[in-house]
Amino acid sequence: MQLFISPGACSLAPHIALREAGADFEAVKVDLATRKTEAGDDFLAVNPSGKVPALTLDNGQSLTENPAILLYIADQNPGVGLAPAEGSIERYQLLSRLSFLGSELHKAFVPLFTPGTTDDAKAAATVAVKGHLAGLDQEIAGKEYYVGEAFSVADIYLFVILGWPAHVGIDMAAYPALGAFAGKIAQRPSVGAALKAEGLI
């Protein structure tokens with residue numbers, strides 16, 4: 001398998017998940033400005049939207065979008081326990097939280113990372129991000145994991161997004177439960193290995 005990534009982007013989540021699962025894969029870095037891989041290949045041939053992550057399977061098929069890729073990784077490696085069993089209410093709770101992370105929290109950050117965003121749009125985005133972080137801080141307070149009683153791909157995705165506020169001037173000190181959560185997840189060997197491989201530590 002090949003996982004197409006941009007260091008520190010949301011593609012870090014499936015990168016961590018693949019390492020957590022002990023999967024055999026190659027991480028391929030993409031320049032999002034040129035849509036070219038490190039080898040000079042056209043990334044648009046893999047994902048026409050030009051966005052990471054994309055996961056090319058052994059049979060040549062590709063998957064895009066974090067919720068789908070993360071669940072695929074979990075389901076291909078069921079013994080690792082990265083997602084609840086299909087058909088269980090816990091499975092749908094996981095899907096709910098993955099959808100929230102992708103469509104609400106992740107999306108709220110986009111104006112803060114997009115060149116040319118107006119000051120007013122950045123201010124509105126900052127308010128939205130802080131609102132989501134405040135809600136998550138309350139939701140996760142006193143809990144071991146984001147969803148249910150076991151570590152899952154939702155914890156990985158949330159951990160990755162929690163690395164972004166520092167890059168856009170949002171102080172995480174206001175969200176102590178999230179800070180403690182991120183610190184705990186950071187201790188996992190798969191996280192350290194992925195961060196090192198992407199040149200982030």
# chains A, B, ... in the order shown; residues from 1 in each chain; ligands from 1
>>> residues_around(residues="stretch 155-166 of chain A", least_positions_apart="4", cutoff="10 Å", atoms="only C-alpha atoms", output="VMD selection string")
chain A and resid 8 to 17 20 66 to 67 70 82 94 97 to 98 101 to 102 105 to 106 109 112 to 113 126 129 to 130 133 136 145 to 147 150 to 151 170 to 172 178 to 179 181 to 186 191
>>> write_last_selection(atoms="N, CA and C atoms", output="compact mmCIF listing (two decimals), in the first residue's frame")
# COMPACT_ATOMS: atom_id res chain seq x y z
N GLY A 8 2.40 16.75 8.73
CA GLY A 8 1.61 17.54 9.67
C GLY A 8 0.17 17.76 9.29
N ALA A 9 -0.19 17.41 8.05
CA ALA A 9 -1.57 17.56 7.61
C ALA A 9 -2.42 16.43 8.19
N CYS A 10 -3.69 16.40 7.83
CA CYS A 10 -4.60 15.39 8.37
C CYS A 10 -4.20 13.98 7.96
N SER A 11 -3.35 13.87 6.93
CA SER A 11 -2.86 12.55 6.51
C SER A 11 -1.98 11.90 7.57
N LEU A 12 -1.59 12.68 8.58
CA LEU A 12 -0.85 12.10 9.70
C LEU A 12 -1.70 11.05 10.43
N ALA A 13 -3.03 11.21 10.40
CA ALA A 13 -3.91 10.28 11.12
C ALA A 13 -3.82 8.86 10.55
N PRO A 14 -4.04 8.65 9.25
CA PRO A 14 -3.88 7.29 8.74
C PRO A 14 -2.43 6.79 8.82
N HIS A 15 -1.48 7.71 8.76
CA HIS A 15 -0.07 7.32 8.92
C HIS A 15 0.13 6.68 10.30
N ILE A 16 -0.41 7.32 11.34
CA ILE A 16 -0.32 6.76 12.69
C ILE A 16 -1.08 5.44 12.77
N ALA A 17 -2.28 5.41 12.18
CA ALA A 17 -3.11 4.21 12.25
C ALA A 17 -2.44 3.02 11.58
N GLU A 20 0.18 1.85 13.92
CA GLU A 20 -0.47 1.21 15.07
C GLU A 20 -0.88 -0.21 14.71
N ASN A 66 -10.40 10.90 5.25
CA ASN A 66 -9.94 10.26 6.48
C ASN A 66 -10.92 9.25 7.10
N PRO A 67 -12.20 9.56 7.26
CA PRO A 67 -13.08 8.57 7.88
C PRO A 67 -13.06 7.22 7.16
N LEU A 70 -9.43 5.58 7.57
CA LEU A 70 -9.21 5.13 8.94
C LEU A 70 -10.01 3.87 9.25
N LEU A 82 -8.91 -1.15 16.54
CA LEU A 82 -8.97 0.29 16.31
C LEU A 82 -10.38 0.81 16.02
N LEU A 94 -18.67 5.81 16.82
CA LEU A 94 -17.37 6.11 16.22
C LEU A 94 -17.56 6.85 14.90
N ARG A 97 -18.44 10.48 15.48
CA ARG A 97 -17.33 11.33 15.90
C ARG A 97 -16.34 11.55 14.76
N LEU A 98 -16.09 10.53 13.93
CA LEU A 98 -15.22 10.72 12.77
C LEU A 98 -15.83 11.74 11.80
N LEU A 101 -15.36 15.22 13.29
CA LEU A 101 -13.98 15.68 13.16
C LEU A 101 -13.69 16.15 11.74
N GLY A 102 -14.20 15.41 10.74
CA GLY A 102 -13.92 15.76 9.36
C GLY A 102 -14.73 16.93 8.84
N LEU A 105 -14.87 20.11 12.83
CA LEU A 105 -13.64 20.63 13.44
C LEU A 105 -12.55 20.86 12.40
N HIS A 106 -12.25 19.85 11.60
CA HIS A 106 -11.24 19.99 10.56
C HIS A 106 -11.59 21.14 9.61
N PHE A 109 -10.86 24.80 10.57
CA PHE A 109 -9.48 25.27 10.50
C PHE A 109 -9.09 25.77 9.11
N LEU A 112 -7.96 29.27 8.26
CA LEU A 112 -6.77 29.70 8.99
C LEU A 112 -5.49 29.23 8.31
N PHE A 113 -5.59 28.23 7.46
CA PHE A 113 -4.43 27.69 6.75
C PHE A 113 -4.40 28.12 5.28
N THR A 126 -11.54 31.50 13.75
CA THR A 126 -10.95 31.33 15.08
C THR A 126 -12.04 31.15 16.13
N VAL A 129 -13.43 27.60 15.68
CA VAL A 129 -12.51 26.59 16.20
C VAL A 129 -12.54 26.57 17.72
N LYS A 130 -12.47 27.74 18.33
CA LYS A 130 -12.48 27.80 19.80
C LYS A 130 -13.78 27.25 20.37
N LEU A 133 -13.45 23.51 20.23
CA LEU A 133 -12.49 23.03 21.22
C LEU A 133 -13.08 23.06 22.63
N LEU A 136 -15.45 20.13 22.93
CA LEU A 136 -14.70 18.88 23.04
C LEU A 136 -14.02 18.75 24.40
N TYR A 145 -10.79 7.83 26.66
CA TYR A 145 -10.72 7.90 25.21
C TYR A 145 -11.87 8.74 24.67
N TYR A 146 -11.74 9.16 23.42
CA TYR A 146 -12.73 10.04 22.80
C TYR A 146 -14.06 9.33 22.60
N VAL A 147 -14.01 8.07 22.16
CA VAL A 147 -15.23 7.31 21.90
C VAL A 147 -15.14 5.97 22.63
N ALA A 150 -12.18 2.19 24.59
CA ALA A 150 -10.93 1.68 24.02
C ALA A 150 -10.35 2.67 23.02
N PHE A 151 -9.05 2.63 22.86
CA PHE A 151 -8.36 3.46 21.88
C PHE A 151 -8.87 3.12 20.49
N ILE A 170 -3.76 29.79 18.50
CA ILE A 170 -4.79 29.47 19.49
C ILE A 170 -4.11 28.77 20.66
N ASP A 171 -4.27 29.33 21.85
CA ASP A 171 -3.62 28.81 23.05
C ASP A 171 -4.42 27.64 23.61
N MET A 172 -3.81 26.46 23.64
CA MET A 172 -4.50 25.27 24.13
C MET A 172 -4.59 25.22 25.65
N LEU A 178 -8.31 18.52 26.86
CA LEU A 178 -7.78 18.18 25.54
C LEU A 178 -6.25 18.12 25.57
N GLY A 179 -5.65 19.02 26.34
CA GLY A 179 -4.19 19.00 26.46
C GLY A 179 -3.71 17.71 27.10
N PHE A 181 -5.35 14.86 27.12
CA PHE A 181 -5.64 13.79 26.16
C PHE A 181 -4.53 13.70 25.11
N ALA A 182 -4.17 14.85 24.52
CA ALA A 182 -3.14 14.86 23.48
C ALA A 182 -1.81 14.37 24.02
N GLY A 183 -1.49 14.78 25.25
CA GLY A 183 -0.23 14.35 25.85
C GLY A 183 -0.17 12.85 26.03
N LYS A 184 -1.31 12.26 26.39
CA LYS A 184 -1.37 10.80 26.60
C LYS A 184 -1.22 10.06 25.27
N ILE A 185 -1.94 10.52 24.24
CA ILE A 185 -1.88 9.85 22.94
C ILE A 185 -0.48 9.98 22.34
N ALA A 186 0.19 11.10 22.61
CA ALA A 186 1.53 11.33 22.07
C ALA A 186 2.54 10.31 22.56
N VAL A 191 2.69 6.90 17.33
CA VAL A 191 2.63 8.35 17.13
C VAL A 191 4.04 8.91 16.96
>>> residues_around(residues="A:Ser49", least_positions_apart="3", cutoff="12 Å", atoms="only C-alpha atoms", output="number ranges by chain")
A: 32, 35, 42-46, 52-54, 64-65
>>> closest_residue(among="A:Val30, A:Leu18, A:Val80, A:Leu57", to="A:Met1", atoms="only C-alpha atoms")
A:Leu57
>>> closest_residue(among="A:Gly131, A:Pro7, A:Gly40, A:Pro84", to="A:Ala154", atoms="only C-alpha atoms")
A:Pro84
>>> closest_residue(among="A:Ser103, A:Ser152, A:Ser190, A:Ser6", to="A:Ala85", atoms="only C-alpha atoms")
A:Ser152
>>> residues_around(residues="A:Glu86", least_positions_apart="5", cutoff="10 Å", atoms="only C-alpha atoms", output="PyMOL selection string")
chain A and resi 75+91-92
>>> closest_residue(among="A:His167, A:Lys51, A:Glu149, A:Tyr175", to="A:His132", atoms="only C-alpha atoms")
A:Tyr175
>>> select_by_dssp(residues="stretch 81-123 of chain A", states="helix (DSSP H, G or I)", output="number ranges by chain")
A: 89-113, 119-123
>>> write_last_selection(atoms="C-alpha atoms", output="PDB file, in the first residue's frame")
ATOM      1  CA  ILE A  89     -23.957   0.989  18.571  1.00  0.00           C
ATOM      2  CA  GLU A  90     -20.356   1.787  19.474  1.00  0.00           C
ATOM      3  CA  ARG A  91     -19.482   1.508  15.772  1.00  0.00           C
ATOM      4  CA  TYR A  92     -22.043   4.151  14.881  1.00  0.00           C
ATOM      5  CA  GLN A  93     -20.849   6.373  17.714  1.00  0.00           C
ATOM      6  CA  LEU A  94     -17.371   6.114  16.220  1.00  0.00           C
ATOM      7  CA  LEU A  95     -18.736   7.035  12.780  1.00  0.00           C
ATOM      8  CA  SER A  96     -20.512  10.001  14.337  1.00  0.00           C
ATOM      9  CA  ARG A  97     -17.331  11.335  15.899  1.00  0.00           C
ATOM     10  CA  LEU A  98     -15.221  10.720  12.766  1.00  0.00           C
ATOM     11  CA  SER A  99     -17.829  12.620  10.757  1.00  0.00           C
ATOM     12  CA  PHE A 100     -17.768  15.495  13.247  1.00  0.00           C
ATOM     13  CA  LEU A 101     -13.980  15.684  13.160  1.00  0.00           C
ATOM     14  CA  GLY A 102     -13.917  15.760   9.358  1.00  0.00           C
ATOM     15  CA  SER A 103     -16.898  17.951   8.560  1.00  0.00           C
ATOM     16  CA  GLU A 104     -16.908  20.344  11.513  1.00  0.00           C
ATOM     17  CA  LEU A 105     -13.640  20.630  13.440  1.00  0.00           C
ATOM     18  CA  HIS A 106     -11.235  19.993  10.558  1.00  0.00           C
ATOM     19  CA  LYS A 107     -13.256  22.191   8.209  1.00  0.00           C
ATOM     20  CA  ALA A 108     -13.275  25.057  10.716  1.00  0.00           C
ATOM     21  CA  PHE A 109      -9.478  25.273  10.501  1.00  0.00           C
ATOM     22  CA  VAL A 110      -9.374  25.583   6.701  1.00  0.00           C
ATOM     23  CA  PRO A 111      -9.617  29.412   6.479  1.00  0.00           C
ATOM     24  CA  LEU A 112      -6.765  29.701   8.989  1.00  0.00           C
ATOM     25  CA  PHE A 113      -4.430  27.694   6.749  1.00  0.00           C
ATOM     26  CA  ASP A 119      -8.793  39.035   8.487  1.00  0.00           C
ATOM     27  CA  ASP A 120     -12.548  38.947   9.074  1.00  0.00           C
ATOM     28  CA  ALA A 121     -12.775  35.380   7.792  1.00  0.00           C
ATOM     29  CA  LYS A 122      -9.831  34.346   9.947  1.00  0.00           C
ATOM     30  CA  ALA A 123     -11.452  35.948  12.998  1.00  0.00           C
TER      31      ALA A 123
END
>>> atom_distance(atom1="atom CA of A:Gly148", atom2="atom CA of A:Asn77")
18.9 Å
>>> closest_residue(among="A:Ile69, A:Ala134, A:Ala83, A:Ala197", to="A:Val28", atoms="only C-alpha atoms")
A:Ala197
>>> closest_residue(among="A:Leu3, A:Pro78, A:Ile73, A:Pro176", to="A:Gly142", atoms="only C-alpha atoms")
A:Pro176
>>> atom_distance(atom1="atom CA of A:Leu195", atom2="atom CA of A:Asp24")
17.3 Å
